[in-house]
Structure formats: structure tokens, C-alpha cells
>>> print(open('start.cif').read())   # mmCIF, C-alpha atoms
data_model
#
loop_
_atom_site.group_PDB
_atom_site.id
_atom_site.type_symbol
_atom_site.label_atom_id
_atom_site.label_comp_id
_atom_site.auth_asym_id
_atom_site.auth_seq_id
_atom_site.Cartn_x
_atom_site.Cartn_y
_atom_site.Cartn_z
ATOM 1 C CA MET A 1 0.928 21.758 11.241
ATOM 2 C CA HIS A 2 0.430 21.957 7.485
ATOM 3 C CA ARG A 3 2.053 18.749 6.428
ATOM 4 C CA THR A 4 1.410 17.663 2.923
ATOM 5 C CA GLY A 5 3.529 14.575 2.678
ATOM 6 C CA GLU A 6 6.949 15.954 1.891
ATOM 7 C CA LEU A 7 9.869 13.858 3.067
ATOM 8 C CA TYR A 8 11.359 14.925 6.383
ATOM 9 C CA GLU A 9 15.096 14.898 6.704
ATOM 10 C CA GLN A 10 15.321 12.112 9.274
ATOM 11 C CA TYR A 11 13.733 9.573 6.896
ATOM 12 C CA ARG A 12 15.279 7.895 3.914
ATOM 13 C CA THR A 13 12.078 7.248 1.991
ATOM 14 C CA LEU A 14 8.415 8.262 2.154
ATOM 15 C CA GLU A 15 7.534 4.661 2.851
ATOM 16 C CA GLN A 16 9.796 4.613 5.886
ATOM 17 C CA GLN A 17 8.179 7.852 7.072
ATOM 18 C CA ARG A 18 4.718 6.329 6.762
ATOM 19 C CA GLU A 19 5.716 3.111 8.486
ATOM 20 C CA THR A 20 7.161 5.094 11.379
ATOM 21 C CA ALA A 21 3.915 7.015 11.867
ATOM 22 C CA SER A 22 1.922 3.810 11.864
ATOM 23 C CA LEU A 23 4.346 2.130 14.286
ATOM 24 C CA GLY A 24 3.952 5.060 16.676
ATOM 25 C CA MET A 25 0.164 4.718 16.513
ATOM 26 C CA TRP A 26 0.409 1.012 17.284
ATOM 27 C CA ILE A 27 2.590 1.716 20.300
ATOM 28 C CA PHE A 28 -0.042 4.168 21.540
ATOM 29 C CA LEU A 29 -2.705 1.517 20.964
ATOM 30 C CA SER A 30 -0.756 -1.063 22.980
ATOM 31 C CA THR A 31 -0.791 1.347 25.932
ATOM 32 C CA GLU A 32 -4.552 1.542 25.380
ATOM 33 C CA VAL A 33 -4.765 -2.260 25.410
ATOM 34 C CA LEU A 34 -3.215 -2.278 28.870
ATOM 35 C CA PHE A 35 -5.383 0.670 29.967
ATOM 36 C CA PHE A 36 -8.563 -1.273 29.181
ATOM 37 C CA GLY A 37 -6.766 -4.435 30.281
ATOM 38 C CA GLY A 38 -6.818 -3.253 33.884
ATOM 39 C CA LEU A 39 -10.604 -3.048 33.733
ATOM 40 C CA PHE A 40 -10.879 -6.447 32.076
ATOM 41 C CA MET A 41 -8.667 -7.808 34.847
ATOM 42 C CA THR A 42 -10.931 -6.346 37.531
ATOM 43 C CA TYR A 43 -13.935 -7.764 35.725
ATOM 44 C CA THR A 44 -12.430 -11.271 35.450
ATOM 45 C CA LEU A 45 -11.532 -11.319 39.116
ATOM 46 C CA ASN A 46 -14.924 -10.119 40.368
ATOM 47 C CA ARG A 47 -16.843 -12.363 38.040
ATOM 48 C CA SER A 48 -14.892 -15.424 39.179
ATOM 49 C CA THR A 49 -15.508 -14.411 42.806
ATOM 50 C CA TYR A 50 -19.263 -13.735 42.463
ATOM 51 C CA PRO A 51 -20.355 -15.810 39.442
ATOM 52 C CA ASP A 52 -24.027 -16.157 40.396
ATOM 53 C CA VAL A 53 -24.774 -12.516 41.106
ATOM 54 C CA PHE A 54 -22.885 -11.468 37.976
ATOM 55 C CA SER A 55 -24.986 -13.746 35.807
ATOM 56 C CA GLU A 56 -28.207 -12.518 37.456
ATOM 57 C CA ALA A 57 -27.171 -8.881 36.998
ATOM 58 C CA SER A 58 -26.130 -9.462 33.382
ATOM 59 C CA LYS A 59 -29.562 -10.924 32.592
ATOM 60 C CA THR A 60 -31.250 -7.647 33.528
ATOM 61 C CA ILE A 61 -29.510 -5.889 30.630
ATOM 62 C CA LYS A 62 -31.550 -5.955 27.432
ATOM 63 C CA LEU A 63 -29.842 -8.040 24.771
ATOM 64 C CA TRP A 64 -31.063 -6.386 21.563
ATOM 65 C CA PRO A 65 -29.516 -2.918 22.024
ATOM 66 C CA GLY A 66 -26.127 -4.479 22.721
ATOM 67 C CA ALA A 67 -26.346 -6.849 19.769
ATOM 68 C CA LEU A 68 -27.530 -4.042 17.500
ATOM 69 C CA ASN A 69 -24.680 -1.852 18.706
ATOM 70 C CA THR A 70 -22.160 -4.585 17.873
ATOM 71 C CA VAL A 71 -23.449 -4.696 14.324
ATOM 72 C CA VAL A 72 -23.518 -0.881 14.087
ATOM 73 C CA LEU A 73 -19.952 -0.608 15.312
ATOM 74 C CA ILE A 74 -18.582 -3.307 13.009
ATOM 75 C CA ALA A 75 -20.357 -1.566 10.128
ATOM 76 C CA SER A 76 -18.697 1.706 11.137
ATOM 77 C CA SER A 77 -15.348 -0.088 11.139
ATOM 78 C CA LEU A 78 -16.088 -1.200 7.604
ATOM 79 C CA THR A 79 -16.858 2.353 6.444
ATOM 80 C CA MET A 80 -13.734 3.550 8.262
ATOM 81 C CA ALA A 81 -11.640 0.938 6.451
ATOM 82 C CA LEU A 82 -13.240 2.135 3.207
ATOM 83 C CA SER A 83 -12.288 5.732 4.129
ATOM 84 C CA VAL A 84 -8.671 4.684 4.538
ATOM 85 C CA TRP A 85 -8.834 2.868 1.225
ATOM 86 C CA ALA A 86 -10.405 5.912 -0.484
ATOM 87 C CA SER A 87 -7.657 8.175 0.836
ATOM 88 C CA GLN A 88 -4.938 5.757 -0.285
ATOM 89 C CA VAL A 89 -6.127 5.447 -3.853
ATOM 90 C CA GLY A 90 -6.978 9.144 -4.082
ATOM 91 C CA LYS A 91 -10.792 8.986 -4.387
ATOM 92 C CA LYS A 92 -11.244 12.495 -3.066
ATOM 93 C CA LYS A 93 -15.023 12.618 -3.507
ATOM 94 C CA LEU A 94 -15.603 9.216 -1.927
ATOM 95 C CA LEU A 95 -13.529 9.899 1.192
ATOM 96 C CA PRO A 96 -15.893 12.456 2.839
ATOM 97 C CA ILE A 97 -18.886 10.206 2.084
ATOM 98 C CA PHE A 98 -17.326 7.266 3.913
ATOM 99 C CA LEU A 99 -16.249 9.533 6.773
ATOM 100 C CA ILE A 100 -19.801 10.859 7.153
ATOM 101 C CA ALA A 101 -21.138 7.289 7.115
ATOM 102 C CA THR A 102 -18.679 6.341 9.873
ATOM 103 C CA LEU A 103 -19.660 9.397 11.870
ATOM 104 C CA ILE A 104 -23.384 8.621 11.554
ATOM 105 C CA LEU A 105 -22.878 5.004 12.623
ATOM 106 C CA GLY A 106 -20.776 6.154 15.588
ATOM 107 C CA THR A 107 -23.514 8.567 16.634
ATOM 108 C CA VAL A 108 -26.159 5.828 16.319
ATOM 109 C CA PHE A 109 -24.020 3.687 18.613
ATOM 110 C CA LEU A 110 -23.836 6.469 21.215
ATOM 111 C CA GLY A 111 -27.587 7.068 20.906
ATOM 112 C CA ILE A 112 -28.392 3.427 21.606
ATOM 113 C CA LYS A 113 -25.930 3.522 24.500
ATOM 114 C CA ALA A 114 -27.728 6.560 25.955
ATOM 115 C CA TYR A 115 -31.024 4.679 25.657
ATOM 116 C CA GLU A 116 -29.503 1.767 27.597
ATOM 117 C CA TYR A 117 -28.163 4.077 30.297
ATOM 118 C CA HIS A 118 -31.648 5.569 30.632
ATOM 119 C CA ASP A 119 -33.022 2.044 31.168
ATOM 120 C CA LYS A 120 -30.539 1.507 33.978
ATOM 121 C CA TYR A 121 -31.623 4.794 35.533
ATOM 122 C CA VAL A 122 -35.297 3.780 35.442
ATOM 123 C CA GLU A 123 -34.476 0.369 36.941
ATOM 124 C CA HIS A 124 -32.395 1.865 39.780
ATOM 125 C CA HIS A 125 -29.370 -0.003 38.471
ATOM 126 C CA ILE A 126 -26.931 2.901 38.639
ATOM 127 C CA PRO A 127 -24.445 2.106 41.422
ATOM 128 C CA GLY A 128 -24.437 4.470 44.364
ATOM 129 C CA TRP A 129 -27.497 6.324 43.164
ATOM 130 C CA ASN A 130 -30.735 4.887 44.585
ATOM 131 C CA PHE A 131 -29.309 1.488 43.771
ATOM 132 C CA ASN A 132 -31.793 -1.303 44.273
ATOM 133 C CA PHE A 133 -31.032 -4.513 42.435
ATOM 134 C CA GLU A 134 -34.231 -6.454 42.967
ATOM 135 C CA PRO A 135 -37.032 -6.112 45.500
ATOM 136 C CA GLY A 136 -36.144 -8.379 48.400
ATOM 137 C CA ALA A 137 -32.500 -8.927 47.425
ATOM 138 C CA ASP A 138 -30.300 -9.329 50.508
ATOM 139 C CA ALA A 139 -27.506 -6.879 51.339
ATOM 140 C CA ALA A 140 -24.703 -9.064 49.956
ATOM 141 C CA THR A 141 -26.460 -9.653 46.617
ATOM 142 C CA ASN A 142 -27.151 -5.934 46.362
ATOM 143 C CA ALA A 143 -23.501 -5.100 47.047
ATOM 144 C CA HIS A 144 -22.169 -7.623 44.514
ATOM 145 C CA ALA A 145 -24.674 -6.539 41.885
ATOM 146 C CA GLN A 146 -23.419 -2.985 42.428
ATOM 147 C CA LEU A 147 -19.943 -4.291 41.615
ATOM 148 C CA PHE A 148 -21.208 -5.667 38.325
ATOM 149 C CA PHE A 149 -22.957 -2.429 37.416
ATOM 150 C CA SER A 150 -19.967 -0.338 38.473
ATOM 151 C CA LEU A 151 -17.895 -2.351 36.031
ATOM 152 C CA TYR A 152 -20.649 -2.116 33.423
ATOM 153 C CA PHE A 153 -20.710 1.663 33.652
ATOM 154 C CA GLY A 154 -16.953 1.993 34.045
ATOM 155 C CA MET A 155 -16.136 -0.136 31.030
ATOM 156 C CA THR A 156 -18.905 0.981 28.672
ATOM 157 C CA GLY A 157 -18.461 4.579 29.871
ATOM 158 C CA LEU A 158 -14.757 4.601 29.113
ATOM 159 C CA HIS A 159 -15.519 2.974 25.792
ATOM 160 C CA ALA A 160 -18.175 5.612 25.018
ATOM 161 C CA LEU A 161 -15.677 8.334 25.930
ATOM 162 C CA HIS A 162 -13.284 6.863 23.375
ATOM 163 C CA MET A 163 -16.104 6.914 20.824
ATOM 164 C CA ILE A 164 -16.759 10.598 21.530
ATOM 165 C CA VAL A 165 -13.075 11.421 21.102
ATOM 166 C CA GLY A 166 -13.113 9.370 17.887
ATOM 167 C CA ALA A 167 -16.147 11.267 16.613
ATOM 168 C CA GLY A 168 -14.308 14.556 17.232
ATOM 169 C CA LEU A 169 -11.301 13.268 15.296
ATOM 170 C CA LEU A 170 -13.602 12.157 12.481
ATOM 171 C CA LEU A 171 -15.138 15.642 12.286
ATOM 172 C CA TRP A 172 -11.659 17.087 11.870
ATOM 173 C CA LEU A 173 -10.814 14.505 9.190
ATOM 174 C CA LEU A 174 -14.045 15.410 7.410
ATOM 175 C CA LYS A 175 -13.158 19.104 7.425
ATOM 176 C CA GLU A 176 -9.652 18.444 6.088
ATOM 177 C CA SER A 177 -10.867 15.945 3.500
ATOM 178 C CA LEU A 178 -13.394 18.474 2.150
ATOM 179 C CA ARG A 179 -10.448 20.803 1.600
ATOM 180 C CA GLY A 180 -8.873 18.003 -0.414
ATOM 181 C CA ARG A 181 -5.856 17.687 1.805
ATOM 182 C CA PHE A 182 -5.439 13.923 1.741
ATOM 183 C CA THR A 183 -3.708 12.370 -1.226
ATOM 184 C CA PRO A 184 -2.251 8.944 -1.936
ATOM 185 C CA GLU A 185 1.109 10.468 -0.913
ATOM 186 C CA TYR A 186 -0.194 11.911 2.349
ATOM 187 C CA ASN A 187 -2.957 10.213 4.316
ATOM 188 C CA THR A 188 -1.317 9.456 7.645
ATOM 189 C CA PRO A 189 -4.090 11.109 9.749
ATOM 190 C CA VAL A 190 -6.792 9.069 8.003
ATOM 191 C CA GLU A 191 -4.834 5.893 8.506
ATOM 192 C CA ASN A 192 -3.971 6.496 12.164
ATOM 193 C CA ILE A 193 -7.421 7.686 13.202
ATOM 194 C CA GLY A 194 -8.689 4.633 11.347
ATOM 195 C CA LEU A 195 -6.458 2.428 13.506
ATOM 196 C CA TYR A 196 -7.826 4.146 16.609
ATOM 197 C CA TRP A 197 -11.417 3.640 15.475
ATOM 198 C CA HIS A 198 -10.836 -0.064 14.824
ATOM 199 C CA PHE A 199 -9.237 -0.410 18.241
ATOM 200 C CA VAL A 200 -12.322 1.051 19.923
ATOM 201 C CA ASP A 201 -14.376 -1.413 17.883
ATOM 202 C CA ILE A 202 -12.266 -4.315 19.176
ATOM 203 C CA VAL A 203 -12.794 -3.212 22.782
ATOM 204 C CA TRP A 204 -16.538 -3.405 22.187
ATOM 205 C CA ILE A 205 -16.194 -6.827 20.545
ATOM 206 C CA PHE A 206 -14.933 -8.059 23.930
ATOM 207 C CA LEU A 207 -17.216 -5.954 26.129
ATOM 208 C CA PHE A 208 -20.343 -7.255 24.437
ATOM 209 C CA PRO A 209 -20.009 -10.986 25.248
ATOM 210 C CA LEU A 210 -18.526 -10.291 28.687
ATOM 211 C CA LEU A 211 -21.224 -7.900 29.907
ATOM 212 C CA TYR A 212 -24.319 -8.969 27.963
ATOM 213 C CA LEU A 213 -23.912 -12.665 27.289
ATOM 214 C CA ILE A 214 -22.907 -14.129 30.648
ATOM 215 C CA ASP A 215 -25.851 -16.442 31.075
ATOM 216 C CA ARG A 216 -28.446 -16.292 28.315
ATOM 217 C CA HIS A 217 -29.862 -19.703 27.687
ATOM 218 C CA MET B 1 -14.466 -7.335 5.191
ATOM 219 C CA VAL B 2 -17.920 -8.528 4.231
ATOM 220 C CA CYS B 3 -17.035 -11.763 5.981
ATOM 221 C CA THR B 4 -16.617 -9.885 9.270
ATOM 222 C CA ILE B 5 -20.156 -8.575 9.146
ATOM 223 C CA LEU B 6 -21.447 -12.050 8.398
ATOM 224 C CA THR B 7 -19.649 -13.580 11.401
ATOM 225 C CA VAL B 8 -21.114 -10.854 13.603
ATOM 226 C CA PHE B 9 -24.622 -11.655 12.515
ATOM 227 C CA ALA B 10 -24.038 -15.355 13.029
ATOM 228 C CA ALA B 11 -22.316 -14.811 16.370
ATOM 229 C CA THR B 12 -24.770 -12.416 17.956
ATOM 230 C CA VAL B 13 -27.797 -14.467 17.028
ATOM 231 C CA ASP B 14 -26.454 -17.923 17.826
ATOM 232 C CA LEU B 15 -24.870 -17.161 21.172
ATOM 233 C CA ASN B 16 -27.888 -17.042 23.448
ATOM 234 C CA ALA B 17 -28.829 -20.599 22.465
ATOM 235 C CA TYR B 18 -27.863 -23.867 24.062
ATOM 236 C CA PHE B 19 -24.303 -24.022 25.412
ATOM 237 C CA PRO B 20 -24.570 -24.671 29.164
ATOM 238 C CA GLY B 21 -20.912 -24.728 30.311
ATOM 239 C CA LEU B 22 -19.186 -23.821 27.074
ATOM 240 C CA ASN B 23 -20.886 -20.451 26.954
ATOM 241 C CA ILE B 24 -17.937 -18.244 27.915
ATOM 242 C CA ILE B 25 -15.449 -20.206 25.873
ATOM 243 C CA VAL B 26 -17.592 -20.043 22.750
ATOM 244 C CA ALA B 27 -18.367 -16.340 23.300
ATOM 245 C CA LEU B 28 -14.720 -15.436 23.806
ATOM 246 C CA THR B 29 -13.498 -17.600 20.930
ATOM 247 C CA ILE B 30 -15.876 -15.798 18.593
ATOM 248 C CA ALA B 31 -14.773 -12.441 20.062
ATOM 249 C CA VAL B 32 -11.104 -13.311 19.531
ATOM 250 C CA PHE B 33 -11.863 -14.450 16.000
ATOM 251 C CA LYS B 34 -13.706 -11.209 15.206
ATOM 252 C CA ALA B 35 -10.954 -9.100 16.783
ATOM 253 C CA ALA B 36 -8.320 -11.003 14.818
ATOM 254 C CA LEU B 37 -10.174 -10.329 11.569
ATOM 255 C CA VAL B 38 -10.410 -6.622 12.383
ATOM 256 C CA VAL B 39 -6.721 -6.408 13.282
ATOM 257 C CA LEU B 40 -5.528 -8.399 10.279
ATOM 258 C CA PHE B 41 -7.663 -6.842 7.559
ATOM 259 C CA PHE B 42 -9.243 -3.540 8.689
ATOM 260 C CA MET B 43 -6.064 -2.472 10.436
ATOM 261 C CA HIS B 44 -3.867 -3.974 7.697
ATOM 262 C CA ALA B 45 -1.718 -5.839 10.218
ATOM 263 C CA LYS B 46 -1.348 -8.658 7.706
ATOM 264 C CA TYR B 47 0.464 -6.310 5.332
ATOM 265 C CA SER B 48 2.418 -4.356 7.944
ATOM 266 C CA PRO B 49 6.156 -4.497 8.488
ATOM 267 C CA LYS B 50 7.441 -7.080 10.955
ATOM 268 C CA ARG B 51 8.206 -4.583 13.700
ATOM 269 C CA THR B 52 4.607 -3.322 13.728
ATOM 270 C CA GLN B 53 3.406 -6.903 14.045
ATOM 271 C CA LEU B 54 5.853 -7.358 16.904
ATOM 272 C CA VAL B 55 4.273 -4.424 18.777
ATOM 273 C CA ILE B 56 0.817 -5.977 18.304
ATOM 274 C CA VAL B 57 1.922 -9.379 19.583
ATOM 275 C CA ALA B 58 3.770 -7.740 22.485
ATOM 276 C CA SER B 59 0.690 -5.822 23.653
ATOM 277 C CA VAL B 60 -1.427 -8.987 23.680
ATOM 278 C CA PHE B 61 1.387 -10.876 25.405
ATOM 279 C CA TRP B 62 1.691 -8.268 28.166
ATOM 280 C CA LEU B 63 -2.065 -8.356 28.690
ATOM 281 C CA ALA B 64 -1.855 -12.134 29.009
ATOM 282 C CA ILE B 65 0.902 -11.810 31.630
ATOM 283 C CA MET B 66 -1.253 -9.469 33.687
ATOM 284 C CA LEU B 67 -4.337 -11.693 33.526
ATOM 285 C CA PHE B 68 -2.406 -14.917 34.075
ATOM 286 C CA MET B 69 -0.305 -13.786 37.028
ATOM 287 C CA THR B 70 -3.086 -11.964 38.867
ATOM 288 C CA MET B 71 -5.543 -14.810 38.442
ATOM 289 C CA SER B 72 -3.051 -17.489 39.430
ATOM 290 C CA ASP B 73 -2.491 -15.505 42.626
ATOM 291 C CA TYR B 74 -6.178 -15.125 43.480
ATOM 292 C CA ILE B 75 -7.143 -18.682 42.535
ATOM 293 C CA SER B 76 -4.348 -20.257 44.571
ATOM 294 C CA ARG B 77 -5.006 -18.218 47.721
ATOM 295 C CA SER B 78 -7.537 -20.748 48.983
ATOM 296 C CA TRP B 79 -5.187 -23.706 48.442
ATOM 297 C CA THR B 80 -3.412 -23.614 51.780
#
>>> encode(input="start.cif", output="C-alpha cells")
Amino acid sequence: MHRTGELYEQYRTLEQQRETASLGMWIFLSTEVLFFGGLFMTYTLNRSTYPDVFSEASKTIKLWPGALNTVVLIASSLTMALSVWASQVGKKKLLPIFLIATLILGTVFLGIKAYEYHDKYVEHHIPGWNFNFEPGADAATNAHAQLFFSLYFGMTGLHALHMIVGAGLLLWLLKESLRGRFTPEYNTPVENIGLYWHFVDIVWIFLFPLLYLIDRH
Amino acid sequence: MVCTILTVFAATVDLNAYFPGLNIIVALTIAVFKAALVVLFFMHAKYSPKRTQLVIVASVFWLAIMLFMTMSDYISRSWT
């Protein structure tokens, strides 16, 4: 567990060793693509079956927290990319600063998300729990709106869970970077956790237009 | 990298405006564009070895198979 970037015997060069680690991370991320893909599939199918209710339900979500969160998350991807850069060129003082910035932005994202979930609670828009879409909505509309909100909570919830895992990984990176462990020769954890963080960002890039921007004109 | 932030600002503000039928297409095109920028530059895919790029393309391709086949089933069910 205390790797410092020495060459392992199964690799010919350090570069090959690094490329292998990154390839493995990408393979993990492609399983994640299909994991979220199942939810996107369910969403596509239900939205094409109940387009009107989905657009009505989407309109009840406030736009600004979602838009703000998109900006926050892209900014955190930028600071994460800067962390990877700092670790590659050996800026040992800069690396923890960028990691902390990423961590703060990630926490802001989760905070805004919690605020949005609270809104849904107040509006009785949490499926299965005192759900009431709109006063006077008929049973079918109510049921289909529950579908939308189930997907909303399922998809954003799974995404938020990934953010929480990412924040934990970032904390660990921060601890190790303060001990000066990452060097231009050895920065695989920074790079791979960076890839993971960007992936979670990409999921949100798709969630945002699909859940928030169905019918806003 | 700075360019990504700029597109986000442009995209998030513009989108709610006036695109009656094109809405989804425009929204998804911008999302794909943003995702592509993140993959190519933040995730260094542009400078990765060919086999890493192959894994990336494969994952998107498999996702497309799932979406395409399932939807073509559901859409054509009412065609009898």
C-alpha cells in the first residue's frame, strides 16, 4: 500500500505502468456509463410515454439551483484538472490548494442539492411519501408525475452518492498530498480520482438538461 | 478549460428561451459538446494512447446499442 512509483516487474517502462493504471480506470468508468445508462434508458422510455406529465412535473423544479450547480460542478472539474496538472509537474504546495478548492465546490454542490430536496419535501413531491402533485390532479397524472419524481430522486440521488464517495476520495488525496507523497513520477491516484470526478461531472451535464430543462419557454 | 466554463454560462442561460420543438435536440447537443470537451481535455483523452480511446468509444457505443434497441422495440409495438 505504500507505492511510490517504482517500476513493477510486469511492466517494461514507467510509462507503460501509468498507461495501464489509466486504462483500468477507464474500463471501470465504462461500467459506470452503463450503470447510469440503465437509468437514462428508463427515463427516455417513460418520458416518451408520458411527455405531457413529464414536462409539467419538470416545470415545478426550480431552475436556478440546478443551473448554479452545473456551474459549480464544472468549476470543480476545472480545479480537479488543475490538481492533476499540479501533481504532474511537481507543484507540491499548489496541489493541496486545488484539492481543497475541489472539495469545497463539491460540498457546495451537495448543499444546493440538499436545499432542492428540502423543496421537494415541502411541496409533497417525494414519491411514495405524502405524494400530491397538484391540487385537483387526477389519479393518472399523479401516478405519472410520481414516475418522474422517482426518476428525479433515483438519478440525482445516485449522482449525489457518487459525489459523496468522490469527496471521501478527495479527503484521502488531500491527506496524502500534505505528506508530499505525489511526485511527477508517481501521481496515479490523483489522476484516476480525477478521471472519476470528471465522470461524475459528465453525468450531471446530462442530468441537468434532461430533468430541469424539459419545457422551459 | 476556460472555454468550457464559458460554454456552460452561455448554455445554461440561453436554453430556457425560444426553441419550441428543437428544445431537446439543442439541450442534448450542448450537453454532448460539454461532455466531449471534458473528456477530451480535462480527462486528457485527446493525449491518451489509442487503446484507452477505444475503451471510451466502446462504452458510448454500447450505451447507444442499449438505447437504440430498447427504444426501437417500444416505439414499434404500436405498429401492428
>>> residues_around(input="start.cif", residues="region 160-171 of chain A", least_positions_apart="4", cutoff="7 Å", atoms="all atoms listed in the file", output="list in words")
Leu99, Leu103, Gly106, Leu110, Thr156, Lys175, Trp197 and Val200 of chain A
>>> interface_residues(input="start.cif", of="chain A", to="chain B", cutoff="6 Å", atoms="all atoms listed in the file", output="ChimeraX atom specification")
/A:23,30,41,81,195,202,205-206,209,216-217
>>> resolve_selection(input="start.cif", expression="the PyMOL selection byres ((chain A and resi 92) around 8)", output="number ranges by chain")
A: 86-87, 90-91, 93-96, 177, 180, 182-183
>>> resolve_selection(input="start.cif", expression="the PyMOL selection byres ((chain A and resi 142) around 12)", output="VMD selection string")
chain A and resid 50 53 to 54 56 to 57 124 to 128 130 to 141 143 to 149
>>> closest_residue(input="start.cif", among="A:Gly154, A:Pro189, A:Gly66, A:Gly5", to="Phe40 (chain A)", atoms="all atoms listed in the file")
A:Gly154
